[in-house]
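Chemist: Before anything else, here's the structure in question.
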Amino acid sequence: MKKILTILMLVSLVFASRYRVYSVKDYVKAFNSLSLQQQKLLYEVFKRGEVVDLQYTLTAIAWKESMAGLAKVNMWDGDGGSCGVFHNRLKSVFGRHKEWRWTRVNANMVCTRLVENLDFAFTEAVAEIRYWQKVRGENNWMSIWASYNAGIHYKSAQAKAYAANIRNMIKAIRYLVADKWENSVEFVKIKKRIKK
């Protein structure tokens with residue numbers, strides 16, 4: 001029963017309203033409802049993100065986009081769908097890899113790779129963020145996050161709400177990191193595995 005309530009709460013936080021901005025307190029509460037598997041995924045994203053100084057942004061995006069790994073495919077996202085923990089837009093991934101031709105078969109293969117290979121999904125998410133940093137300004141985070149969600153339509157109400165939610169998720173993550181992750185045996189094991 002608790003698992004069902006947790007999933008319903010996460011779904012409502014992620015999908016309920018595209019325009020609703022949740023508070024930091026809402027996200028702290030939601031984080032504490034995540035399964036251990038979801039928290040481990042977010043921790044792994046956080047630790048990988050430290051290498052490129054995007055740990056908070058990438059962790060929040062993974063949490064927001066895929067509900068921390070629960071929903072890794074959204075075929076209704078844009079005109080080609082999005083896949084993986086970070087919901088990388090397939091059209092954007094193909095745009096970065098000119099050697100790949102867009103076909104349904106290739107799109108399915110790339111989607112599968114994004115879902116199954118966190119390294120690949122991570123690399124593509126970093127490339128997308130770096131692209132928007134060049135376009136919007138390196139530290140213009142609200143516009144960068146909005147662009148990650150909506151591309152050139154970053155000034156839309158939906159994109160602005162998305163960016164505000166990412167900001168609040170980051171605040172929640174900052175609050176939670178020292179408390180939950182740095183002192184837990186479960187997460188120390190992941191940290192050691194990532195460093196190898």
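As shown in the structure tokens, the chain order sets the letters A, B, ...; within each chain, residues go from 1, and ligands are also counted from 1 in the order they appear.
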Write down as a compact mmCIF listing (two decimals) with N, CA and C atoms, in the first residue's frame the residues belonging to range 58-182 of chain A that are assigned strand (DSSP E) by DSSP computed on the backbone.
Modeler:
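Everything below was put into result-v1.txt:
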# COMPACT_ATOMS: atom_id res chain seq x y z
N VAL A 73 10.65 6.30 -20.55
CA VAL A 73 10.27 6.54 -21.94
C VAL A 73 9.03 7.41 -21.97
N ASN A 74 9.08 8.45 -22.82
CA ASN A 74 7.91 9.29 -23.08
C ASN A 74 7.82 9.51 -24.59
N SER A 82 11.17 10.98 -25.98
CA SER A 82 12.37 11.11 -25.16
C SER A 82 12.55 9.84 -24.35
N CYS A 83 13.81 9.53 -24.06
CA CYS A 83 14.11 8.26 -23.40
C CYS A 83 15.25 8.43 -22.40
N ASN A 88 16.21 12.24 -22.55
CA ASN A 88 16.88 12.87 -23.68
C ASN A 88 15.96 12.81 -24.89
N ARG A 89 15.72 13.96 -25.54
CA ARG A 89 14.88 13.98 -26.74
C ARG A 89 15.63 13.28 -27.87
Chemist: Out of A:Leu176, A:Ala68, A:Leu58, A:Val85, which residue has the shortest atom-to-atom distance to Ala127 in chain A when counting only C-alpha atoms?
Modeler: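 Result for the nearest residue to Ala127 in chain A: A:Leu58.
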Chemist: Need the shell around range 98-115 of chain A: protein/DNA/RNA residues with any atom at most 12 Å away, counting only C-alpha atoms. Skip same-chain ones fewer than 2 positions apart. Format as number ranges by chain?
Modeler: A: 66, 69-75, 79-96, 117-125
Chemist: Please produce a file of those selected residues containing C-alpha atoms, as a PDB file, in the first residue's frame.
Modeler:
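Generated file (again00.pdb):
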ATOM      1  CA  SER A  66      11.819  10.025 -15.178  1.00  0.00           C
ATOM      2  CA  GLY A  69      14.075   6.060 -13.059  1.00  0.00           C
ATOM      3  CA  LEU A  70      10.449   4.871 -12.860  1.00  0.00           C
ATOM      4  CA  ALA A  71       9.338   6.231 -16.246  1.00  0.00           C
ATOM      5  CA  LYS A  72      12.248   6.158 -18.691  1.00  0.00           C
ATOM      6  CA  VAL A  73      10.275   6.540 -21.935  1.00  0.00           C
ATOM      7  CA  ASN A  74       7.908   9.292 -23.075  1.00  0.00           C
ATOM      8  CA  MET A  75       6.917   8.786 -26.694  1.00  0.00           C
ATOM      9  CA  ASP A  79       7.924  15.109 -32.240  1.00  0.00           C
ATOM     10  CA  GLY A  80      10.140  12.085 -31.599  1.00  0.00           C
ATOM     11  CA  GLY A  81       9.829  11.152 -27.950  1.00  0.00           C
ATOM     12  CA  SER A  82      12.370  11.105 -25.163  1.00  0.00           C
ATOM     13  CA  CYS A  83      14.115   8.263 -23.404  1.00  0.00           C
ATOM     14  CA  GLY A  84      16.364   7.449 -20.472  1.00  0.00           C
ATOM     15  CA  VAL A  85      16.685   8.720 -16.944  1.00  0.00           C
ATOM     16  CA  PHE A  86      17.109  12.299 -18.226  1.00  0.00           C
ATOM     17  CA  HIS A  87      14.451  11.979 -20.942  1.00  0.00           C
ATOM     18  CA  ASN A  88      16.885  12.868 -23.682  1.00  0.00           C
ATOM     19  CA  ARG A  89      14.885  13.980 -26.740  1.00  0.00           C
ATOM     20  CA  LEU A  90      15.588  11.551 -29.539  1.00  0.00           C
ATOM     21  CA  LYS A  91      15.626  14.294 -32.193  1.00  0.00           C
ATOM     22  CA  SER A  92      18.263  16.178 -30.176  1.00  0.00           C
ATOM     23  CA  VAL A  93      20.407  13.055 -29.761  1.00  0.00           C
ATOM     24  CA  PHE A  94      20.222  12.362 -33.495  1.00  0.00           C
ATOM     25  CA  GLY A  95      21.067  16.016 -34.148  1.00  0.00           C
ATOM     26  CA  ARG A  96      24.318  15.618 -32.211  1.00  0.00           C
ATOM     27  CA  ASN A 117      23.048   2.708 -20.621  1.00  0.00           C
ATOM     28  CA  LEU A 118      23.316   5.405 -17.959  1.00  0.00           C
ATOM     29  CA  ASP A 119      26.727   6.500 -19.300  1.00  0.00           C
ATOM     30  CA  PHE A 120      25.242   7.242 -22.719  1.00  0.00           C
ATOM     31  CA  ALA A 121      22.177   9.006 -21.279  1.00  0.00           C
ATOM     32  CA  PHE A 122      24.443  11.013 -18.953  1.00  0.00           C
ATOM     33  CA  THR A 123      26.725  12.092 -21.804  1.00  0.00           C
ATOM     34  CA  GLU A 124      23.742  13.189 -23.891  1.00  0.00           C
ATOM     35  CA  ALA A 125      22.158  15.114 -20.996  1.00  0.00           C
TER      36      ALA A 125
END
Chemist: Ranking A:Ala150, A:Val45, A:Leu54, A:Val28 by minimum distance to Glu138 in chain A and counting only C-alpha atoms, which one comes first?
Modeler: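 Looking at the shortest contact to Glu138 in chain A, the residue is A:Leu54.
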Chemist: With distances taken over only C-alpha atoms, which of A:Val51, A:Lys155, A:Tyr22, A:Met67 is nearest to Gln37 in chain A?
Modeler: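 For Gln37 in chain A, the nearest of the given residues is A:Met67.
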Chemist: If you run DSSP on the backbone, which residues of chain A are helix (DSSP H, G or I), as number ranges by chain?
Modeler: A: 2-15, 24-33, 36-51, 55-66, 90-96, 104-116, 118-136, 141-153, 157-181, 185-195
Chemist: Give me, please, the distance in Å between CA of Trp63 in chain A and CA of Lys25 in chain A, quoted to one decimal.
Modeler: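 Computing the Euclidean distance for CA of Trp63 in chain A and CA of Lys25 in chain A yields 15.4 Å.
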Chemist: Rank A:Glu44, A:Asp53, A:Glu116, A:Asp26 by their smallest atom-to-atom distance to Arg130 in chain A, using only C-alpha atoms, and report the top residue only.
Modeler: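 Of all the options, A:Asp53 lies closest to Arg130 in chain A.
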Chemist: Restricting the calculation to only C-alpha atoms: of A:Thr59, A:Lys171, A:Asn139, A:Phe31, which residue gets closest to Lys47 in chain A?
Modeler: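 Looking at the shortest contact to Lys47 in chain A, the residue is A:Thr59.
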Chemist: CA of Tyr43 in chain A and CA of Ile144 in chain A, how far apart in Å?
Modeler: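 Value for the CA of Ile144 in chain A-CA of Tyr43 in chain A distance: 22.4 Å.
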Chemist: For a quick check of understanding, using only C-alpha atoms, which of A:Ile152, A:Val177, A:Val135, A:Val126 has the smallest distance to Val52 in chain A?
Modeler: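 That would be A:Val126, the residue with the smallest distance to Val52 in chain A.
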Chemist: Hey, what's within 9 Å of range 161-163 of chain A if we count only C-alpha atoms and toss same-chain stuff fewer than 4 positions away? As JSON, numbers by chain, please?
Modeler: {"A": [18, 19, 20, 21, 64, 141, 142, 143, 144, 145, 146, 147, 148, 149, 156, 157, 167, 168]}
